[in-house]
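**Q** Structure file query_17.txt (compact mmCIF, C-alpha atoms and all ligand atoms) is given on the next line.
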# COMPACT_ATOMS: atom_id res chain seq x y z
CA MET A 1082 -4.17 -46.54 -6.06
CA SER A 1083 -6.67 -43.68 -6.02
CA TYR A 1084 -8.49 -41.51 -3.48
CA GLN A 1085 -11.89 -39.85 -3.43
CA LEU A 1086 -12.11 -36.08 -3.60
CA THR A 1087 -15.34 -34.29 -2.68
CA LEU A 1088 -15.67 -30.73 -3.99
CA GLU A 1089 -17.86 -28.35 -2.03
CA PRO A 1090 -20.13 -26.45 -2.51
CA LEU A 1091 -20.95 -28.68 -5.53
CA GLY A 1092 -21.07 -31.85 -3.46
CA ALA A 1093 -19.45 -33.74 -6.38
CA THR A 1094 -17.11 -36.65 -5.61
CA ILE A 1095 -14.43 -37.72 -8.09
CA GLU A 1096 -11.54 -40.22 -8.19
CA VAL A 1097 -8.00 -38.81 -7.99
CA GLU A 1098 -5.11 -41.11 -9.01
CA GLU A 1099 -2.01 -41.27 -6.87
CA GLY A 1100 0.29 -38.41 -7.98
CA GLN A 1101 -2.49 -36.66 -9.94
CA THR A 1102 -3.14 -33.05 -8.94
CA LEU A 1103 -6.57 -31.99 -7.65
CA LEU A 1104 -6.89 -29.45 -10.49
CA ASP A 1105 -6.08 -32.03 -13.16
CA ALA A 1106 -8.59 -34.51 -11.75
CA ALA A 1107 -11.35 -31.87 -11.52
CA LEU A 1108 -10.78 -30.41 -15.01
CA ARG A 1109 -10.73 -33.87 -16.60
CA GLN A 1110 -14.20 -34.44 -15.07
CA GLY A 1111 -15.41 -31.09 -16.51
CA ILE A 1112 -15.40 -29.40 -13.06
CA TYR A 1113 -13.89 -25.93 -13.18
CA ILE A 1114 -11.65 -24.70 -10.37
CA PRO A 1115 -10.26 -21.18 -11.04
CA HIS A 1116 -6.60 -21.42 -12.17
CA ALA A 1117 -4.03 -19.57 -14.25
CA CYS A 1118 -0.35 -20.60 -14.35
CA GLY A 1119 -1.00 -24.30 -13.68
CA HIS A 1120 2.22 -24.86 -11.75
CA GLY A 1121 2.17 -23.30 -8.31
CA LEU A 1122 3.19 -19.73 -9.11
CA CYS A 1123 0.12 -17.48 -9.04
CA GLY A 1124 -2.15 -18.68 -6.19
CA THR A 1125 -5.32 -18.47 -8.32
CA CYS A 1126 -6.22 -22.13 -7.63
CA LYS A 1127 -6.11 -21.85 -3.81
CA VAL A 1128 -8.70 -24.09 -2.10
CA GLN A 1129 -9.60 -24.93 1.50
CA VAL A 1130 -8.98 -28.49 2.69
CA CYS A 1131 -11.93 -29.29 5.01
CA GLU A 1132 -11.15 -32.99 5.71
CA GLY A 1133 -8.44 -35.41 4.67
CA GLU A 1134 -4.77 -34.93 3.83
CA VAL A 1135 -2.86 -33.40 0.91
CA ASP A 1136 0.76 -33.05 -0.19
CA HIS A 1137 1.33 -29.42 -1.28
CA GLY A 1138 3.81 -30.46 -4.02
CA ALA A 1139 5.86 -27.70 -5.66
CA ALA A 1140 3.70 -24.77 -4.44
CA ASN A 1141 5.73 -21.57 -4.56
CA PRO A 1142 6.13 -20.12 -1.02
CA PHE A 1143 4.81 -16.72 -2.22
CA ALA A 1144 1.74 -18.29 -3.85
CA LEU A 1145 0.99 -20.42 -0.76
CA MET A 1146 2.41 -18.90 2.41
CA ASP A 1147 3.26 -20.87 5.57
CA MET A 1148 0.36 -19.20 7.39
CA GLU A 1149 -2.06 -20.36 4.68
CA ARG A 1150 -0.68 -23.92 4.80
CA ASP A 1151 -1.30 -23.86 8.58
CA ASP A 1152 -4.88 -22.67 7.89
CA GLY A 1153 -5.54 -25.74 5.71
CA LYS A 1154 -5.22 -24.03 2.31
CA THR A 1155 -3.55 -25.68 -0.68
CA LEU A 1156 -2.95 -25.02 -4.38
CA ALA A 1157 -5.11 -27.35 -6.46
CA CYS A 1158 -2.64 -27.30 -9.38
CA CYS A 1159 0.20 -28.78 -7.24
CA ALA A 1160 -1.56 -30.68 -4.44
CA THR A 1161 -1.94 -34.45 -4.52
CA LEU A 1162 -4.03 -36.59 -2.15
CA GLN A 1163 -2.73 -38.71 0.72
CA ALA A 1164 -6.25 -39.80 1.87
CA ASP A 1165 -9.91 -39.35 0.86
CA THR A 1166 -10.38 -35.58 1.08
CA VAL A 1167 -13.02 -32.84 1.06
CA ILE A 1168 -12.14 -29.38 -0.31
CA GLU A 1169 -14.07 -26.16 -0.66
CA ALA A 1170 -13.36 -24.21 -3.86
CA ASP A 1171 -14.51 -20.84 -5.12
CA ILE A 1172 -16.56 -22.17 -8.04
CA GLU A 1173 -18.53 -19.44 -9.81
CA ASP A 1174 -21.29 -20.02 -12.30
CA GLU A 1175 -20.28 -18.62 -15.71
CA PRO A 1176 -23.13 -18.62 -18.24
CA ASP A 1177 -20.83 -18.29 -21.28
CA ALA A 1178 -18.56 -21.19 -20.28
CA LEU A 1179 -18.87 -24.50 -22.10
CA ILE A 1180 -18.17 -27.59 -20.02
CA ILE A 1181 -15.22 -29.12 -21.87
CA PRO A 1182 -13.21 -31.76 -19.98
CA VAL A 1183 -9.42 -31.47 -20.34
CA ARG A 1184 -7.88 -34.16 -22.57
CA ASP A 1185 -4.36 -35.13 -23.68
CA PHE A 1186 -3.40 -34.78 -27.33
CA ARG A 1187 -0.44 -35.98 -29.36
CA ALA A 1188 0.68 -33.05 -31.50
CA THR A 1189 2.94 -33.14 -34.56
CA VAL A 1190 4.79 -29.95 -35.45
CA ALA A 1191 3.54 -29.20 -38.98
CA ARG A 1192 5.70 -26.06 -39.36
CA ILE A 1193 7.46 -23.36 -37.37
CA GLU A 1194 7.37 -19.73 -38.47
CA GLN A 1195 9.62 -16.94 -37.16
CA LEU A 1196 7.08 -14.15 -36.59
CA THR A 1197 9.48 -11.64 -35.00
CA PRO A 1198 13.05 -11.81 -33.64
CA THR A 1199 11.66 -13.19 -30.33
CA ILE A 1200 8.35 -14.90 -31.27
CA LYS A 1201 7.81 -18.13 -33.19
CA ALA A 1202 4.50 -19.55 -34.39
CA LEU A 1203 4.21 -23.31 -33.79
CA HIS A 1204 1.62 -24.92 -36.08
CA LEU A 1205 0.55 -28.21 -34.53
CA THR A 1206 -1.53 -31.02 -36.02
CA LEU A 1207 -3.38 -32.97 -33.33
CA ASP A 1208 -4.12 -36.70 -33.24
CA LYS A 1209 -7.83 -35.85 -32.69
CA PRO A 1210 -9.78 -32.58 -32.85
CA ILE A 1211 -9.74 -30.42 -29.72
CA GLN A 1212 -12.87 -28.57 -28.60
CA TYR A 1213 -12.17 -25.15 -27.06
CA GLN A 1214 -13.47 -21.61 -26.71
CA ALA A 1215 -11.44 -18.98 -28.58
CA GLY A 1216 -9.09 -17.41 -26.01
CA GLN A 1217 -8.38 -20.60 -24.03
CA TYR A 1218 -4.92 -22.12 -23.66
CA VAL A 1219 -3.13 -25.47 -23.62
CA GLN A 1220 -0.31 -26.87 -21.48
CA VAL A 1221 2.62 -28.09 -23.59
CA GLN A 1222 4.83 -30.79 -22.07
CA ILE A 1223 8.49 -29.77 -22.41
CA PRO A 1224 10.42 -33.05 -22.74
CA SER A 1225 13.75 -31.60 -21.54
CA LEU A 1226 12.11 -30.35 -18.30
CA GLY A 1227 9.52 -33.01 -17.54
CA GLN A 1228 7.16 -30.04 -16.90
CA SER A 1229 4.55 -28.23 -18.93
CA ARG A 1230 4.17 -24.57 -19.92
CA ALA A 1231 0.98 -22.68 -20.80
CA PHE A 1232 0.41 -21.23 -24.28
CA SER A 1233 -2.77 -19.62 -25.59
CA ILE A 1234 -4.25 -20.96 -28.80
CA ALA A 1235 -3.80 -18.24 -31.44
CA ASN A 1236 -6.45 -19.45 -33.90
CA ALA A 1237 -10.22 -19.73 -33.49
CA PRO A 1238 -11.88 -23.16 -33.59
CA ASN A 1239 -14.05 -24.05 -36.60
CA ALA A 1240 -17.77 -23.24 -36.55
CA ASP A 1241 -18.45 -26.57 -34.74
CA GLY A 1242 -16.12 -25.50 -31.88
CA PHE A 1243 -13.37 -28.02 -32.76
CA ALA A 1244 -9.98 -27.74 -34.51
CA SER A 1245 -7.47 -30.37 -35.65
CA GLU A 1246 -4.74 -27.79 -36.12
CA ILE A 1247 -3.75 -25.21 -33.55
CA GLU A 1248 -1.25 -22.36 -33.62
CA LEU A 1249 0.78 -21.25 -30.60
CA ASN A 1250 2.81 -18.01 -30.55
CA VAL A 1251 5.79 -18.55 -28.29
CA ARG A 1252 7.98 -15.68 -27.10
CA GLN A 1253 11.46 -16.74 -26.02
CA VAL A 1254 11.87 -15.60 -22.41
CA PRO A 1255 15.49 -14.67 -21.57
CA GLY A 1256 16.73 -17.40 -19.23
CA GLY A 1257 13.47 -19.33 -19.71
CA ALA A 1258 14.04 -23.09 -19.84
CA GLY A 1259 10.81 -24.10 -21.65
CA THR A 1260 10.57 -21.35 -24.26
CA THR A 1261 14.31 -21.68 -25.05
CA TRP A 1262 13.81 -25.41 -25.72
CA LEU A 1263 10.80 -24.67 -27.95
CA HIS A 1264 12.78 -22.03 -29.88
CA GLU A 1265 16.10 -23.79 -30.18
CA SER A 1266 15.45 -27.55 -30.18
CA LEU A 1267 11.94 -28.16 -31.57
CA LYS A 1268 11.76 -28.96 -35.32
CA ALA A 1269 9.04 -29.60 -37.90
CA GLY A 1270 7.99 -33.26 -37.70
CA ASP A 1271 8.67 -33.54 -33.94
CA GLN A 1272 5.92 -34.71 -31.59
CA LEU A 1273 4.70 -33.05 -28.39
CA THR A 1274 2.14 -33.85 -25.70
CA VAL A 1275 -0.43 -31.12 -25.24
CA ALA A 1276 -3.30 -30.98 -22.71
CA GLY A 1277 -6.31 -28.69 -22.77
CA PRO A 1278 -8.38 -26.66 -23.03
CA TYR A 1279 -7.73 -24.52 -19.94
CA GLY A 1280 -8.84 -21.14 -18.66
CA ARG A 1281 -11.82 -18.83 -18.67
CA PHE A 1282 -10.55 -16.17 -21.02
CA PHE A 1283 -13.19 -16.15 -23.76
CA VAL A 1284 -15.75 -13.75 -25.15
CA ARG A 1285 -18.88 -13.21 -23.04
CA HIS A 1286 -21.19 -13.41 -26.08
CA SER A 1287 -24.29 -13.13 -23.88
CA ALA A 1288 -23.28 -9.58 -22.86
CA ALA A 1289 -23.77 -8.18 -26.39
CA GLN A 1290 -21.67 -5.08 -25.60
CA PRO A 1291 -18.85 -3.25 -27.42
CA MET A 1292 -15.48 -4.89 -26.74
CA VAL A 1293 -11.96 -3.62 -26.26
CA PHE A 1294 -9.06 -6.08 -26.47
CA MET A 1295 -5.74 -4.96 -24.99
CA ALA A 1296 -2.68 -7.08 -25.75
CA GLY A 1297 1.06 -6.83 -25.22
CA GLY A 1298 3.95 -8.98 -26.45
CA SER A 1299 2.90 -12.52 -27.34
CA GLY A 1300 -0.40 -11.74 -25.56
CA LEU A 1301 -1.90 -11.15 -29.00
CA SER A 1302 -2.55 -14.89 -29.35
CA SER A 1303 -5.83 -15.13 -27.41
CA PRO A 1304 -7.32 -11.84 -28.72
CA ARG A 1305 -6.44 -12.94 -32.27
CA ALA A 1306 -8.47 -16.15 -31.84
CA MET A 1307 -11.33 -14.27 -30.13
CA ILE A 1308 -11.50 -11.57 -32.82
CA GLN A 1309 -11.33 -14.17 -35.61
CA GLU A 1310 -14.26 -15.94 -33.96
CA LEU A 1311 -16.31 -12.75 -33.47
CA LEU A 1312 -15.87 -11.66 -37.09
CA ALA A 1313 -16.65 -15.18 -38.37
CA ARG A 1314 -19.86 -15.16 -36.29
CA ASP A 1315 -20.90 -11.81 -37.83
CA CYS A 1316 -20.81 -10.07 -34.45
CA ALA A 1317 -22.20 -6.56 -35.02
CA GLN A 1318 -20.81 -4.95 -31.82
CA PRO A 1319 -17.91 -2.49 -32.14
CA ILE A 1320 -14.58 -4.29 -31.54
CA THR A 1321 -11.33 -2.43 -30.75
CA LEU A 1322 -7.90 -4.04 -30.56
CA ILE A 1323 -5.10 -2.10 -28.90
CA TYR A 1324 -1.85 -3.96 -29.31
CA GLY A 1325 1.52 -2.90 -27.96
CA GLN A 1326 5.06 -3.95 -28.68
CA ARG A 1327 8.47 -2.48 -27.91
CA SER A 1328 9.50 -2.08 -31.55
CA ARG A 1329 7.98 -2.20 -35.01
CA GLU A 1330 9.72 -5.45 -35.93
CA GLU A 1331 8.06 -7.15 -32.92
CA LEU A 1332 4.59 -6.11 -34.13
CA TYR A 1333 3.48 -9.42 -35.60
CA TYR A 1334 0.22 -9.98 -37.51
CA ASP A 1335 0.15 -6.20 -38.08
CA ASP A 1336 -0.76 -6.60 -41.78
CA GLU A 1337 -3.49 -9.11 -40.93
CA PHE A 1338 -5.20 -6.73 -38.48
CA ARG A 1339 -4.83 -3.73 -40.82
CA ALA A 1340 -6.57 -5.79 -43.53
CA LEU A 1341 -9.38 -6.79 -41.11
CA ALA A 1342 -9.87 -3.17 -40.06
CA ALA A 1343 -10.17 -2.18 -43.74
CA GLN A 1344 -12.68 -5.00 -44.36
CA TYR A 1345 -14.87 -4.62 -41.24
CA PRO A 1346 -16.04 -1.07 -40.41
CA HIS A 1347 -16.91 -2.07 -36.81
CA PHE A 1348 -13.36 -3.35 -36.13
CA THR A 1349 -10.74 -0.78 -35.08
CA TYR A 1350 -7.06 -1.67 -34.82
CA ILE A 1351 -4.60 0.49 -32.88
CA PRO A 1352 -0.99 -0.74 -32.80
CA ALA A 1353 1.28 1.10 -30.34
CA ILE A 1354 5.06 1.10 -30.00
CA SER A 1355 6.68 1.83 -26.64
CA GLY A 1356 10.42 1.85 -27.52
CA ASP A 1357 12.00 5.19 -28.53
CA ALA A 1358 14.82 4.23 -30.84
CA GLU A 1359 13.13 1.64 -33.04
CA CYS A 1360 10.14 3.64 -34.32
CA GLY A 1361 11.74 4.95 -37.56
CA ASP A 1362 9.00 6.42 -39.76
CA TRP A 1363 6.25 5.08 -37.46
CA SER A 1364 3.22 7.38 -37.56
CA GLY A 1365 0.95 5.31 -35.28
CA ALA A 1366 0.44 5.45 -31.52
CA ARG A 1367 3.47 5.65 -29.25
CA GLY A 1368 3.64 4.51 -25.66
CA PHE A 1369 2.26 1.59 -23.69
CA VAL A 1370 -1.01 -0.22 -24.38
CA HIS A 1371 -2.87 1.48 -21.51
CA GLU A 1372 -1.68 4.91 -22.70
CA ALA A 1373 -2.83 4.26 -26.29
CA ALA A 1374 -6.18 3.00 -24.95
CA ARG A 1375 -6.68 6.03 -22.72
CA GLU A 1376 -6.00 8.35 -25.65
CA HIS A 1377 -8.26 6.48 -28.09
CA PHE A 1378 -11.22 6.33 -25.67
CA ALA A 1379 -10.53 9.81 -24.23
CA GLY A 1380 -10.29 8.18 -20.80
CA ASN A 1381 -13.88 6.86 -20.77
CA PHE A 1382 -14.43 3.11 -21.19
CA SER A 1383 -17.96 2.85 -19.83
CA GLY A 1384 -20.21 0.43 -21.74
CA GLN A 1385 -17.27 -1.75 -22.91
CA LYS A 1386 -16.31 -5.32 -22.05
CA ALA A 1387 -12.51 -5.36 -21.74
CA TYR A 1388 -10.28 -8.38 -22.42
CA LEU A 1389 -6.63 -7.98 -21.37
CA CYS A 1390 -3.89 -10.43 -22.29
CA GLY A 1391 -0.12 -10.36 -21.81
CA PRO A 1392 2.60 -9.93 -19.20
CA PRO A 1393 1.35 -9.17 -15.65
CA PRO A 1394 2.70 -5.55 -15.48
CA MET A 1395 0.90 -4.67 -18.73
CA VAL A 1396 -2.34 -6.23 -17.48
CA GLU A 1397 -2.08 -4.35 -14.14
CA ALA A 1398 -1.47 -1.01 -15.89
CA CYS A 1399 -4.50 -1.62 -18.15
CA ILE A 1400 -6.75 -2.55 -15.18
CA SER A 1401 -5.85 0.74 -13.43
CA THR A 1402 -6.52 2.76 -16.57
CA LEU A 1403 -9.85 1.02 -17.20
CA MET A 1404 -10.98 1.51 -13.60
CA GLN A 1405 -10.02 5.19 -13.71
CA GLY A 1406 -12.05 5.32 -16.95
CA ARG A 1407 -15.31 4.10 -15.33
CA LEU A 1408 -15.07 0.38 -15.99
CA PHE A 1409 -15.56 -2.06 -13.12
CA GLU A 1410 -14.25 -5.50 -12.25
CA ARG A 1411 -17.33 -7.28 -13.63
CA ASP A 1412 -16.56 -5.94 -17.13
CA ILE A 1413 -12.83 -6.74 -17.17
CA TYR A 1414 -11.42 -10.18 -18.07
CA THR A 1415 -7.72 -10.98 -17.94
CA GLU A 1416 -5.19 -13.58 -18.99
CA LYS A 1417 -1.81 -12.95 -17.41
CA PHE A 1418 1.18 -14.68 -19.02
CA ILE A 1419 2.69 -15.53 -15.65
CA SER A 1420 6.16 -17.08 -15.52
CA ALA A 1421 8.46 -18.08 -12.64
CA ALA A 1422 9.86 -14.53 -12.63
CA ASP A 1423 6.39 -13.15 -11.74
CA ALA A 1424 5.70 -15.56 -8.88
CA GLN A 1425 5.71 -12.79 -6.26
CA GLY A 1426 2.64 -10.61 -6.43
CA THR A 1427 0.78 -12.04 -9.43
CA ARG A 1428 -2.64 -11.48 -7.86
CA SER A 1429 -4.03 -8.09 -8.72
CA PRO A 1430 -4.34 -5.73 -5.75
CA LEU A 1431 -7.21 -4.17 -7.73
CA PHE A 1432 -9.26 -7.31 -8.35
CA LYS A 1433 -10.89 -9.84 -6.08
CA ARG A 1434 -11.10 -12.59 -8.71
CA VAL A 1435 -7.67 -12.32 -10.42
C1 LIG B 1501 -2.43 -18.82 -19.03
C2 LIG B 1501 -1.11 -18.54 -19.69
C3 LIG B 1501 -1.04 -18.42 -21.06
C4 LIG B 1501 0.18 -18.14 -21.67
N1 LIG B 1501 0.23 -18.01 -23.03
C5 LIG B 1501 1.41 -17.71 -23.63
C6 LIG B 1501 1.48 -17.53 -25.05
O1 LIG B 1501 0.49 -17.67 -25.78
N2 LIG B 1501 2.68 -17.19 -25.58
C7 LIG B 1501 3.81 -17.03 -24.79
O2 LIG B 1501 4.87 -16.73 -25.35
N3 LIG B 1501 3.75 -17.19 -23.47
C8 LIG B 1501 2.59 -17.54 -22.87
N4 LIG B 1501 2.55 -17.71 -21.52
C9 LIG B 1501 3.77 -17.60 -20.75
C10 LIG B 1501 4.57 -18.84 -20.86
O3 LIG B 1501 3.90 -19.93 -20.27
C11 LIG B 1501 5.87 -18.46 -20.14
O4 LIG B 1501 6.62 -17.68 -21.03
C12 LIG B 1501 6.58 -19.59 -19.75
O5 LIG B 1501 5.94 -20.15 -18.62
C13 LIG B 1501 8.02 -19.26 -19.43
O6 LIG B 1501 8.52 -20.49 -19.44
P1 LIG B 1501 10.04 -20.81 -19.52
O7 LIG B 1501 10.18 -22.25 -19.14
O8 LIG B 1501 10.66 -20.37 -20.79
O9 LIG B 1501 10.67 -19.89 -18.38
P2 LIG B 1501 11.04 -20.32 -16.90
O10 LIG B 1501 12.21 -21.23 -16.93
O11 LIG B 1501 9.84 -20.74 -16.18
O12 LIG B 1501 11.55 -18.92 -16.39
C14 LIG B 1501 10.82 -17.71 -16.65
C15 LIG B 1501 11.63 -16.53 -16.16
O13 LIG B 1501 11.72 -16.62 -14.76
C16 LIG B 1501 13.07 -16.65 -14.36
N5 LIG B 1501 13.07 -17.60 -13.23
C17 LIG B 1501 13.08 -18.96 -13.28
N6 LIG B 1501 12.98 -19.45 -12.03
C18 LIG B 1501 12.88 -18.39 -11.20
C19 LIG B 1501 12.73 -18.24 -9.79
N7 LIG B 1501 12.66 -19.30 -8.99
N8 LIG B 1501 12.65 -16.99 -9.28
C20 LIG B 1501 12.70 -15.91 -10.08
N9 LIG B 1501 12.85 -15.98 -11.42
C21 LIG B 1501 12.92 -17.19 -11.96
C22 LIG B 1501 13.86 -17.11 -15.56
O14 LIG B 1501 15.17 -16.61 -15.57
C23 LIG B 1501 13.06 -16.49 -16.69
O15 LIG B 1501 13.40 -15.15 -16.88
C24 LIG B 1501 1.35 -18.00 -20.89
C25 LIG B 1501 1.28 -18.13 -19.49
C26 LIG B 1501 0.06 -18.40 -18.89
C27 LIG B 1501 0.01 -18.55 -17.41
S1 LIG B 1502 -2.92 -22.10 -11.10
FE1 LIG B 1502 -2.25 -22.97 -9.28
S2 LIG B 1502 -0.84 -21.54 -8.53
FE2 LIG B 1502 -1.33 -20.77 -10.49
Would it be possible to restate this file's structure as structure tokens?
Ligand SMILES: Cc1cc2nc3c(=O)[nH]c(=O)nc-3n(C[C@H](O)[C@H](O)[C@H](O)COP(=O)(O)OP(=O)(O)OC[C@H]3O[C@@H](n4cnc5c(N)ncnc54)[C@H](O)[C@@H]3O)c2cc1C
Ligand code: FES

**A**
Amino acid sequence: MSYQLTLEPLGATIEVEEGQTLLDAALRQGIYIPHACGHGLCGTCKVQVCEGEVDHGAANPFALMDMERDDGKTLACCATLQADTVIEADIEDEPDALIIPVRDFRATVARIEQLTPTIKALHLTLDKPIQYQAGQYVQVQIPSLGQSRAFSIANAPNADGFASEIELNVRQVPGGAGTTWLHESLKAGDQLTVAGPYGRFFVRHSAAQPMVFMAGGSGLSSPRAMIQELLARDCAQPITLIYGQRSREELYYDDEFRALAAQYPHFTYIPAISGDAECGDWSGARGFVHEAAREHFAGNFSGQKAYLCGPPPMVEACISTLMQGRLFERDIYTEKFISAADAQGTRSPLFKRV
């Protein structure tokens, strides 16, 4: 059984299977509806139901309030159809976006590497190459939960835009069901179901401007792929990476970025440590990512394109610092690693589109 979904203002009509979410159906047809967490937590995928009937599914009450439900709003990542339906979505034209329909992949775990005490790298071999833009993410099905979790792809695709092997950097969240399963039960040789690519966190190559990447925790994954891609494409614009961790032992891929900074004069790498006790003989930047960025740029970010990736509080602090430093919403792109703990207040009070 399936229903017809018409998406305005595009006027496109697609089939939605019973039980399939509106977001899944749209993305698999190459139609982009803004989204982030993919499972009812952040409210980014909110759409207006103009005609028809939907089931709101597992929408979090903070991401979709009662008042909004009464107004005919729903979350495309959770909602399923009960009748032929028309929705209106906030679909923006994005000149740097490739139209890549979401697909399912069977992934075999080639190896697992312990990058830091809390972060593991999962190296996955896919049953067919995946096309994606560096910075995008996949949804990994967690067998023990019957749910998926989002993880950014930490390596750039090949020059043709495809890759048969992807790397995910997974931080174990205390009390987190999915990341604990990935850390404690997954082994080399196991198989996983992965869907993607998702998201609009990728380099705006058409802008041809200097770029600052700001990353915290496991949020280095997307910037790593994006920087790998920029350097492989011989991008001549200045590139700065400011990367923060609590302690030195959590600073993964530090040697790799130091080597890149030595090799490419237009690439600057600034690691920063925020914890007090664990610094030892650390002579680099201290403090949070936004503080290290403010110091490096002397508080003036004008002329940059900024790409922020990591936990929501880090991203919010960076947005404030960038805006105080003369950068505006149109030049700031974010990927927030939202989890169930962040469900309240994940939309930036500073941004209209995040
Ligand atoms: C676009 C995107 C990309 C991402 N990329 C990465 C990546 O590359 N690497 C990475 O490590 N992470 C990434 N994440 C984050 C990753 O998806 C989360 O760490 C993950 O969702 C947490 O899953 P979990 O099942 O372990 O935790 P969950 O079980 O979902 O719980 C998360 C936290 O919330 C708490 N919690 C659970 N339920 C509730 C509740 N109802 N109310 C309040 N608190 C609750 C838990 O105790 C725990 O502390 C990304 C997230 C997004 C949205
Ligand atoms: S993407 Fe739908 S609520 Fe986050």

**Q** Tell me which of A:Glu1099, A:Asp1185, A:Glu1175, A:Asp1423 sits closest to ligand LIG 1502 (chain B), counting only C-alpha atoms and all ligand atoms.

**A**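 Checking each of A:Glu1099, A:Asp1185, A:Glu1175, A:Asp1423 against ligand LIG 1502 (chain B), counting only C-alpha atoms and all ligand atoms, the winner is A:Asp1423.
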
**Q** Let me see if you get this right: every residue at most 8 Å from ligand LIG 1501 (chain B), counting all atoms listed in the file, written as a PDB file with C-alpha atoms, in the frame of the given file.

**A**
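Produced file result-v6.pdb, reproduced below:
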ATOM      1  CA  ALA A1117      -4.030 -19.570 -14.250  1.00  0.00           C
ATOM      2  CA  CYS A1118      -0.350 -20.600 -14.350  1.00  0.00           C
ATOM      3  CA  GLY A1119      -1.000 -24.300 -13.680  1.00  0.00           C
ATOM      4  CA  ILE A1200       8.350 -14.900 -31.270  1.00  0.00           C
ATOM      5  CA  GLN A1217      -8.380 -20.600 -24.030  1.00  0.00           C
ATOM      6  CA  TYR A1218      -4.920 -22.120 -23.660  1.00  0.00           C
ATOM      7  CA  VAL A1219      -3.130 -25.470 -23.620  1.00  0.00           C
ATOM      8  CA  ARG A1230       4.170 -24.570 -19.920  1.00  0.00           C
ATOM      9  CA  ALA A1231       0.980 -22.680 -20.800  1.00  0.00           C
ATOM     10  CA  PHE A1232       0.410 -21.230 -24.280  1.00  0.00           C
ATOM     11  CA  SER A1233      -2.770 -19.620 -25.590  1.00  0.00           C
ATOM     12  CA  ILE A1234      -4.250 -20.960 -28.800  1.00  0.00           C
ATOM     13  CA  ALA A1235      -3.800 -18.240 -31.440  1.00  0.00           C
ATOM     14  CA  LEU A1249       0.780 -21.250 -30.600  1.00  0.00           C
ATOM     15  CA  ASN A1250       2.810 -18.010 -30.550  1.00  0.00           C
ATOM     16  CA  VAL A1251       5.790 -18.550 -28.290  1.00  0.00           C
ATOM     17  CA  ARG A1252       7.980 -15.680 -27.100  1.00  0.00           C
ATOM     18  CA  GLN A1253      11.460 -16.740 -26.020  1.00  0.00           C
ATOM     19  CA  VAL A1254      11.870 -15.600 -22.410  1.00  0.00           C
ATOM     20  CA  PRO A1255      15.490 -14.670 -21.570  1.00  0.00           C
ATOM     21  CA  GLY A1256      16.730 -17.400 -19.230  1.00  0.00           C
ATOM     22  CA  GLY A1257      13.470 -19.330 -19.710  1.00  0.00           C
ATOM     23  CA  ALA A1258      14.040 -23.090 -19.840  1.00  0.00           C
ATOM     24  CA  GLY A1259      10.810 -24.100 -21.650  1.00  0.00           C
ATOM     25  CA  THR A1260      10.570 -21.350 -24.260  1.00  0.00           C
ATOM     26  CA  THR A1261      14.310 -21.680 -25.050  1.00  0.00           C
ATOM     27  CA  TRP A1262      13.810 -25.410 -25.720  1.00  0.00           C
ATOM     28  CA  TYR A1279      -7.730 -24.520 -19.940  1.00  0.00           C
ATOM     29  CA  GLY A1280      -8.840 -21.140 -18.660  1.00  0.00           C
ATOM     30  CA  GLY A1298       3.950  -8.980 -26.450  1.00  0.00           C
ATOM     31  CA  SER A1299       2.900 -12.520 -27.340  1.00  0.00           C
ATOM     32  CA  GLY A1300      -0.400 -11.740 -25.560  1.00  0.00           C
ATOM     33  CA  LEU A1301      -1.900 -11.150 -29.000  1.00  0.00           C
ATOM     34  CA  SER A1302      -2.550 -14.890 -29.350  1.00  0.00           C
ATOM     35  CA  SER A1303      -5.830 -15.130 -27.410  1.00  0.00           C
ATOM     36  CA  GLY A1391      -0.120 -10.360 -21.810  1.00  0.00           C
ATOM     37  CA  PRO A1392       2.600  -9.930 -19.200  1.00  0.00           C
ATOM     38  CA  GLU A1416      -5.190 -13.580 -18.990  1.00  0.00           C
ATOM     39  CA  LYS A1417      -1.810 -12.950 -17.410  1.00  0.00           C
ATOM     40  CA  PHE A1418       1.180 -14.680 -19.020  1.00  0.00           C
ATOM     41  CA  ILE A1419       2.690 -15.530 -15.650  1.00  0.00           C
ATOM     42  CA  SER A1420       6.160 -17.080 -15.520  1.00  0.00           C
ATOM     43  CA  ALA A1421       8.460 -18.080 -12.640  1.00  0.00           C
ATOM     44  CA  ALA A1422       9.860 -14.530 -12.630  1.00  0.00           C
ATOM     45  CA  ASP A1423       6.390 -13.150 -11.740  1.00  0.00           C
ATOM     46  CA  ALA A1424       5.700 -15.560  -8.880  1.00  0.00           C
TER      47      ALA A1424
END

**Q** Taking 6 positions as the minimum chain separation for residues in the same chain, which residues sit within 10 Å of A:Thr1094 when counting all atoms listed in the file? Answer as a list of chain:residue names.

**A**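 Using all atoms listed in the file, the neighbours found are A:Gln1085, A:Leu1086, A:Thr1087, A:Leu1088, A:Ala1107, A:Thr1166, A:Val1167.
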
**Q** Calculated over all atoms listed in the file, which of the candidates A:Leu1403, A:Met1148, A:Ile1172, A:Leu1104 has the smallest distance to A:Leu1091?

**A**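 Answer, going by the shortest atom-to-atom distance: A:Ile1172.
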
**Q** I'd like the contact shell of stretch 1312-1324 of chain A - 8 Å cut-off, all atoms listed in the file, skipping same-chain residues fewer than 5 positions apart - returned as a PyMOL selection string.

**A** chain A and resi 1289-1297+1301+1347-1353+1370+1373-1374

**Q** Would you list the residues that come within 10 Å of ligand LIG 1502 (chain B)? Count all atoms listed in the file and give the answer as a PyMOL selection string.

**A** chain A and resi 1104+1114-1128+1139-1141+1143-1145+1155-1160+1280+1419-1420+1424+1427-1428
